[in-house]
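Participant: Have a look at the structure that comes next, please.
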Amino acid sequence: MKGRVFSGARPTGKQHIGNYLGAIQNYVQLQDEYNCVYCVVDIHALTTLDNTAELAGNTREMLLDWLAAGMDPQRSIIFVQSHVPEHSELHTLLSMITPLAWLTRLPTFKEKVRQHPENVNYGLVGYPVLMAADIVLYKADAVPVGEDQLPHLELTREIVRRFNTFFGPVFPEPEAKLTTYRRVMGLDGVNKMSKSLNNHIELSATPEETRKRVLTMVTDTSRVYRRDPGHPEICNVFALHGFYTADRTEEIARDCRSAALGCVDCKKSLAASMNEALAPFRARRSELEQRQGLVEDVLADGASRARAIAAATMAEVRSQIGLLPRRG
Ligand code: TRP
């Protein structure tokens, strides 16, 4: 029997190439080997959001990118967290067996407190408990995540062990499946690519926008004059050539080192290969955008398939804990 994969991502709107290389590409491939459940975690987004005006729109945009990239709602269950109330219910129950100290010691929590000292809400502390609920509700075996999420996954495993010890063996311990590309750097070459830092390139950008943004990329900063030799191993443009111009990287590295290739030409050729690689995605995305009600249909079907699994797990959880069974 195929194992089950669960993963979630916050609704950040239109996805960028860092999202694709770091997560989406992997989500697509895993569909061959696993039964996959993919969730837009909009409740998680609320822990750090004071303005919800863009939340629904961002969820739709992200969904369109997921679908255009090949996440397949026939084979996988694709849904929105807030459409399946069992996530919130299990979160509450798991919170009762999670020591507060497990949560406040997490580096991710400390980081958020540093970033937003004025908004340290109760939900933020429980963020990893909600994440544990997401995963175990589907009894997932494997969870594709980036390195930054490993402490959260370890916490999920600890919660699972504690639950199983207290109430009997209900949940499997999920394994982390690290994504192949750990860190796609942004246009600045220093920070991870992210929309909030505006150092990103959207998958659905036009070829012209893509070219403009690529031309702003920071290259090897020790290369001041055109005749200076470059160092491809420390250059982010070269790193992206590795993804998009894989068949010519040796030649590019050689010409960079000998200064036969200048940074501007190197970036122009990167933009050209990116635009070529992204063309099929972009065509499919604009086709999907035209289809009225598509996202809503996919999400309604996803939520009902997710709920069937979630409701069965919750029945088992309530009974193992020993809550008075409800009739009907
Ligand atoms: N915390 C994850 C992130 O910030 C998102 C997430 C929520 C998640 N629930 C999940 C990831 C369950 C994997 C599995 O990226």
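Following the order of the structure tokens, chains are lettered A, B, ..., residues in each are numbered from 1, and ligands are numbered from 1.
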Could you list the protein, DNA and RNA residues that have any atom within 7 Å of ligand 1, counting only C-alpha atoms and all ligand atoms, and write them as a list in words?
Facilitator: Phe6, Ser7, Gly8, Ala9, Arg10, Val41, His44, Leu130, Met131, Ala132, Asp134, Ile135, Val143, Pro144, Val145 and Gln149 of chain A
Participant: Give me a file of those residues, with N, CA, C and O atoms, as a PDB file, in the first residue's frame.
Facilitator:
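Final output, again.pdb:
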```pdb
ATOM      1  N   PHE A   6       1.703  14.260   3.963  1.00  0.00           N
ATOM      2  CA  PHE A   6       0.958  15.492   4.216  1.00  0.00           C
ATOM      3  C   PHE A   6       1.921  16.655   4.181  1.00  0.00           C
ATOM      4  O   PHE A   6       3.027  16.581   4.714  1.00  0.00           O
ATOM      5  N   SER A   7       1.519  17.740   3.536  1.00  0.00           N
ATOM      6  CA  SER A   7       2.282  18.970   3.717  1.00  0.00           C
ATOM      7  C   SER A   7       1.368  20.176   3.674  1.00  0.00           C
ATOM      8  O   SER A   7       0.285  20.132   3.082  1.00  0.00           O
ATOM      9  N   GLY A   8       1.812  21.228   4.320  1.00  0.00           N
ATOM     10  CA  GLY A   8       1.033  22.459   4.359  1.00  0.00           C
ATOM     11  C   GLY A   8       1.909  23.648   4.020  1.00  0.00           C
ATOM     12  O   GLY A   8       3.117  23.618   4.240  1.00  0.00           O
ATOM     13  N   ALA A   9       1.282  24.667   3.471  1.00  0.00           N
ATOM     14  CA  ALA A   9       2.017  25.899   3.183  1.00  0.00           C
ATOM     15  C   ALA A   9       1.100  27.082   3.454  1.00  0.00           C
ATOM     16  O   ALA A   9      -0.103  27.020   3.176  1.00  0.00           O
ATOM     17  N   ARG A  10       1.691  28.128   4.013  1.00  0.00           N
ATOM     18  CA  ARG A  10       0.887  29.316   4.293  1.00  0.00           C
ATOM     19  C   ARG A  10       0.507  30.025   2.993  1.00  0.00           C
ATOM     20  O   ARG A  10       1.283  30.015   2.038  1.00  0.00           O
ATOM     21  N   VAL A  41      -2.541  26.357   4.672  1.00  0.00           N
ATOM     22  CA  VAL A  41      -2.797  26.517   6.105  1.00  0.00           C
ATOM     23  C   VAL A  41      -3.137  27.966   6.441  1.00  0.00           C
ATOM     24  O   VAL A  41      -2.334  28.722   6.968  1.00  0.00           O
ATOM     25  N   HIS A  44      -2.977  28.950  10.240  1.00  0.00           N
ATOM     26  CA  HIS A  44      -1.602  29.259  10.649  1.00  0.00           C
ATOM     27  C   HIS A  44      -1.227  30.695  10.270  1.00  0.00           C
ATOM     28  O   HIS A  44      -0.535  31.387  11.013  1.00  0.00           O
ATOM     29  N   LEU A 130      -0.854  23.081  16.231  1.00  0.00           N
ATOM     30  CA  LEU A 130      -1.771  23.043  15.077  1.00  0.00           C
ATOM     31  C   LEU A 130      -1.119  22.297  13.914  1.00  0.00           C
ATOM     32  O   LEU A 130      -1.765  21.521  13.213  1.00  0.00           O
ATOM     33  N   MET A 131       0.162  22.504  13.743  1.00  0.00           N
ATOM     34  CA  MET A 131       0.881  21.790  12.680  1.00  0.00           C
ATOM     35  C   MET A 131       0.886  20.281  12.951  1.00  0.00           C
ATOM     36  O   MET A 131       0.679  19.474  12.036  1.00  0.00           O
ATOM     37  N   ALA A 132       1.080  19.908  14.203  1.00  0.00           N
ATOM     38  CA  ALA A 132       1.022  18.479  14.567  1.00  0.00           C
ATOM     39  C   ALA A 132      -0.372  17.923  14.259  1.00  0.00           C
ATOM     40  O   ALA A 132      -0.511  16.831  13.698  1.00  0.00           O
ATOM     41  N   ASP A 134      -2.490  18.992  12.008  1.00  0.00           N
ATOM     42  CA  ASP A 134      -2.606  18.868  10.543  1.00  0.00           C
ATOM     43  C   ASP A 134      -2.094  17.507  10.078  1.00  0.00           C
ATOM     44  O   ASP A 134      -2.729  16.810   9.288  1.00  0.00           O
ATOM     45  N   ILE A 135      -0.905  17.185  10.573  1.00  0.00           N
ATOM     46  CA  ILE A 135      -0.200  15.998  10.081  1.00  0.00           C
ATOM     47  C   ILE A 135      -0.854  14.709  10.569  1.00  0.00           C
ATOM     48  O   ILE A 135      -1.113  13.788   9.791  1.00  0.00           O
ATOM     49  N   VAL A 143       6.446  13.784   5.725  1.00  0.00           N
ATOM     50  CA  VAL A 143       6.112  15.198   5.609  1.00  0.00           C
ATOM     51  C   VAL A 143       7.248  15.931   4.896  1.00  0.00           C
ATOM     52  O   VAL A 143       8.335  16.091   5.454  1.00  0.00           O
ATOM     53  N   PRO A 144       7.031  16.340   3.638  1.00  0.00           N
ATOM     54  CA  PRO A 144       8.069  17.110   2.959  1.00  0.00           C
ATOM     55  C   PRO A 144       8.142  18.517   3.530  1.00  0.00           C
ATOM     56  O   PRO A 144       7.138  19.228   3.549  1.00  0.00           O
ATOM     57  N   VAL A 145       9.290  18.871   4.046  1.00  0.00           N
ATOM     58  CA  VAL A 145       9.475  20.207   4.633  1.00  0.00           C
ATOM     59  C   VAL A 145      10.869  20.719   4.335  1.00  0.00           C
ATOM     60  O   VAL A 145      11.757  19.959   3.967  1.00  0.00           O
ATOM     61  N   GLN A 149      11.811  23.747   9.207  1.00  0.00           N
ATOM     62  CA  GLN A 149      10.649  23.154   9.873  1.00  0.00           C
ATOM     63  C   GLN A 149      10.980  21.897  10.677  1.00  0.00           C
ATOM     64  O   GLN A 149      10.103  21.299  11.292  1.00  0.00           O
TER      65      GLN A 149
END
```
Participant: Skip His16 of chain A itself and residues of its chain fewer than 4 positions away, then list as a list in words all residues within 10 Å of it, counting only C-alpha atoms.
Facilitator: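 Counting only C-alpha atoms, the residues come to Thr12, Tyr20, Leu21, Gly22, Met62, Asp65, Met193, Ser194, Lys195, Asn199, His200, Ile201, Glu202, Leu203, Ser204 and Ala205 of chain A.
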Participant: Since we have the selection now, will you write its residues out, keeping N, CA and C atoms, as a compact mmCIF listing (two decimals), in the first residue's frame?
Facilitator:
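What landed in selection31.txt:
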```txt
# COMPACT_ATOMS: atom_id res chain seq x y z
N THR A 12 0.66 32.53 0.71
CA THR A 12 1.47 33.72 0.48
C THR A 12 1.19 34.34 -0.88
N TYR A 20 8.86 27.21 -5.79
CA TYR A 20 8.79 26.08 -6.72
C TYR A 20 9.94 25.10 -6.49
N LEU A 21 11.17 25.64 -6.51
CA LEU A 21 12.32 24.74 -6.39
C LEU A 21 12.41 24.12 -5.00
N GLY A 22 11.97 24.88 -3.98
CA GLY A 22 12.09 24.40 -2.61
C GLY A 22 10.96 23.48 -2.17
N MET A 62 -2.35 31.22 -4.86
CA MET A 62 -1.43 30.13 -4.59
C MET A 62 -1.96 28.82 -5.18
N ASP A 65 -1.34 28.56 -8.85
CA ASP A 65 0.05 28.19 -9.12
C ASP A 65 0.29 26.70 -8.86
N MET A 193 15.14 33.57 -0.77
CA MET A 193 14.14 34.25 -1.61
C MET A 193 12.81 34.29 -0.88
N SER A 194 12.24 35.49 -0.76
CA SER A 194 10.95 35.59 -0.09
C SER A 194 10.20 36.82 -0.57
N LYS A 195 8.88 36.66 -0.61
CA LYS A 195 8.03 37.73 -1.08
C LYS A 195 8.14 38.94 -0.15
N ASN A 199 12.61 40.12 -2.90
CA ASN A 199 13.83 39.73 -3.61
C ASN A 199 13.54 38.49 -4.46
N HIS A 200 12.29 38.42 -4.94
CA HIS A 200 11.82 37.19 -5.58
C HIS A 200 11.46 37.39 -7.05
N ILE A 201 11.26 36.27 -7.73
CA ILE A 201 10.72 36.29 -9.10
C ILE A 201 9.51 35.38 -9.13
N GLU A 202 8.36 35.96 -9.45
CA GLU A 202 7.15 35.16 -9.48
C GLU A 202 7.16 34.19 -10.66
N LEU A 203 6.60 33.00 -10.41
CA LEU A 203 6.51 32.02 -11.48
C LEU A 203 5.69 32.57 -12.64
N SER A 204 4.65 33.34 -12.30
CA SER A 204 3.75 33.82 -13.35
C SER A 204 4.10 35.23 -13.84
N ALA A 205 5.29 35.70 -13.51
CA ALA A 205 5.72 37.00 -14.05
C ALA A 205 5.79 36.93 -15.58
```
Participant: Give me, as a list in words, all polymer residues having an atom no more than 12 Å from Leu93 of chain A, counting only C-alpha atoms and skipping those fewer than 4 positions away in the same chain.
Facilitator: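 The contact residues come out as Glu86, His87, Ser88, Glu89, Ile97, Thr98, Gly126, Val129, Leu130, Ala132, Ala133, Leu137, Ile159, Phe163, Phe167, Met314, Val317, Arg318, Gln320, Ile321, Gly322 and Leu323 of chain A.
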Participant: How would you write, as an NGL selection string, the set of residues in segment 54-290 of chain A that DSSP gives as helix (DSSP H, G or I)?
Facilitator: :A and (55-69 or 81-83 or 86-95 or 100-104 or 107-115 or 117-119 or 122-125 or 127-137 or 147-167 or 207-215 or 232-234 or 236-244 or 246-257 or 263-290)
Participant: Under the rule of at most 10 Å, produce a per-residue listing of segment 220-282 of chain A near segment 210-216 of chain A: chain, number, name, the closest pair of atoms, and the distance in Å, as CSV, using only C-alpha atoms.
Facilitator:
```
residue,atom,partner,partner_atom,distance
A:Val237,CA,A:Val214,CA,8.3
A:Cys263,CA,A:Leu215,CA,9.1
A:Val264,CA,A:Leu215,CA,7.0
A:Asp265,CA,A:Leu215,CA,9.3
A:Cys266,CA,A:Leu215,CA,9.3
A:Lys267,CA,A:Leu215,CA,5.9
A:Lys268,CA,A:Leu215,CA,7.0
A:Ser269,CA,A:Arg211,CA,9.4
A:Leu270,CA,A:Val214,CA,7.6
A:Ala271,CA,A:Arg211,CA,5.1
A:Ala272,CA,A:Arg211,CA,7.6
A:Met274,CA,A:Thr210,CA,8.1
A:Asn275,CA,A:Thr210,CA,7.4
```
Participant: Considering only C-alpha atoms, can you say which of A:Thr47, A:Asn164, A:Gln74, A:Ser258 comes closest to Val136 of chain A?
Facilitator: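 With only C-alpha atoms as the atom set, the closest residue is A:Asn164.
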Participant: If you measure from atom CA of His91 of chain A to atom CA of Glu111 of chain A, what distance in Å do you get, rounded to one decimal?
Facilitator: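 Going from atom CA of His91 of chain A over to atom CA of Glu111 of chain A, I get 22.2 Å.
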Participant: Which value, in Å to one decimal, gives the distance between atom CA of Gly123 of chain A and atom CA of His152 of chain A?
Facilitator: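 Atom CA of His152 of chain A lies 15.0 Å from atom CA of Gly123 of chain A.
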Participant: Just to confirm, what's the straight-line distance from atom CA of Glu251 of chain A to atom CA of Pro229 of chain A in Å (one decimal)?
Facilitator: 14.4 Å
Participant: Would you pick out the contacts of Arg162 of chain A at 12 Å or less, using only C-alpha atoms, so that residues sharing its chain but fewer than 2 positions from it are not included, and give the list as a count of residues only?
Facilitator: 22
Participant: Using only C-alpha atoms, which of A:Ser304, A:Asn51, A:Thr92, A:Thr313 sits nearest Val80 of chain A?
Facilitator: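 Ranking A:Ser304, A:Asn51, A:Thr92, A:Thr313 by distance to Val80 of chain A, first place goes to A:Ser304.
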Participant: Return as a Markdown table the residues of segment 217-254 of chain A lying at most 9 Å from segment 188-191 of chain A, together with the closest atom-to-atom pair for each and the distance in Å to one decimal, counting only C-alpha atoms, with rows in chain order and ascending residue number.
Facilitator:
```
| residue | atom | partner | partner_atom | distance |
| --- | --- | --- | --- | --- |
| A:Met217 | CA | A:Asp188 | CA | 6.0 |
| A:Val218 | CA | A:Asp188 | CA | 5.3 |
| A:Thr219 | CA | A:Gly189 | CA | 7.2 |
| A:Asp220 | CA | A:Gly189 | CA | 8.9 |
| A:Cys235 | CA | A:Gly189 | CA | 7.6 |
| A:Asn236 | CA | A:Gly189 | CA | 5.6 |
| A:Val237 | CA | A:Gly189 | CA | 8.4 |
```
Participant: Store the residues picked out above in a file with all heavy atoms, as a short mmCIF file (atom, residue, chain, number, x, y, z; two decimals), in the first residue's frame.
Facilitator:
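Generated file (again_23.cif):
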```cif
data_model
loop_
_atom_site.label_atom_id
_atom_site.label_comp_id
_atom_site.auth_asym_id
_atom_site.auth_seq_id
_atom_site.Cartn_x
_atom_site.Cartn_y
_atom_site.Cartn_z
N MET A 217 19.95 41.27 -10.25
CA MET A 217 20.56 40.32 -9.29
C MET A 217 21.98 40.72 -8.92
O MET A 217 22.75 41.19 -9.75
CB MET A 217 20.58 38.90 -9.88
CG MET A 217 19.25 38.20 -9.81
SD MET A 217 19.33 36.53 -10.49
CE MET A 217 20.19 35.67 -9.18
N VAL A 218 22.29 40.51 -7.64
CA VAL A 218 23.65 40.75 -7.16
C VAL A 218 24.50 39.53 -7.53
O VAL A 218 24.11 38.39 -7.28
CB VAL A 218 23.65 40.96 -5.63
CG1 VAL A 218 25.07 41.08 -5.11
CG2 VAL A 218 22.83 42.19 -5.28
N THR A 219 25.64 39.78 -8.15
CA THR A 219 26.52 38.67 -8.54
C THR A 219 27.70 38.61 -7.58
O THR A 219 27.61 39.09 -6.46
CB THR A 219 27.03 38.85 -9.99
OG1 THR A 219 27.68 40.12 -10.08
CG2 THR A 219 25.89 38.81 -10.99
N ASP A 220 28.79 38.05 -8.03
CA ASP A 220 30.02 37.98 -7.25
C ASP A 220 30.52 39.41 -7.01
O ASP A 220 30.96 40.10 -7.92
CB ASP A 220 31.03 37.17 -8.10
CG ASP A 220 32.42 37.20 -7.53
OD1 ASP A 220 32.62 37.80 -6.45
OD2 ASP A 220 33.30 36.61 -8.18
N CYS A 235 28.48 32.75 -6.60
CA CYS A 235 27.57 33.66 -7.29
C CYS A 235 26.16 33.05 -7.40
O CYS A 235 25.98 31.94 -7.88
CB CYS A 235 28.10 33.95 -8.69
SG CYS A 235 26.99 35.02 -9.61
N ASN A 236 25.19 33.82 -6.98
CA ASN A 236 23.81 33.34 -6.98
C ASN A 236 23.24 33.20 -8.40
O ASN A 236 22.38 32.36 -8.65
CB ASN A 236 22.95 34.31 -6.15
CG ASN A 236 21.55 33.78 -5.91
OD1 ASN A 236 21.36 32.57 -5.83
ND2 ASN A 236 20.60 34.68 -5.81
N VAL A 237 23.73 34.02 -9.32
CA VAL A 237 23.28 33.87 -10.71
C VAL A 237 23.73 32.50 -11.23
O VAL A 237 22.96 31.78 -11.87
CB VAL A 237 23.84 35.01 -11.61
CG1 VAL A 237 23.50 34.77 -13.07
CG2 VAL A 237 23.30 36.36 -11.14
#
```
Participant: For Asn58 of chain A, which residue out of A:Lys14, A:Ile43, A:Ala239, A:Leu150 is the nearest one, using only C-alpha atoms?
Facilitator: A:Lys14
Participant: I need the residue nearest Tyr122 of chain A from this list: A:Leu106, A:Gly186, A:Thr48, A:Leu90. Use only C-alpha atoms for the distance.
Facilitator: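 Selected residue with least distance to Tyr122 of chain A: A:Thr48.
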Participant: Quick one: residues within 8 Å of Phe238 of chain A, only C-alpha atoms counted, chain neighbours fewer than 4 positions away excluded, as a count of residues only?
Facilitator: 6
Participant: Can you tell me, as a list in words, what residues are no more than 10 Å from Glu289 of chain A when counting only C-alpha atoms, ignoring any on the same chain fewer than 5 positions away?
Facilitator: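 Within the cut-off, the hits are Arg60, Glu61, Leu64, Asp65, Ala68, Arg284, Leu294 and Val295 of chain A.
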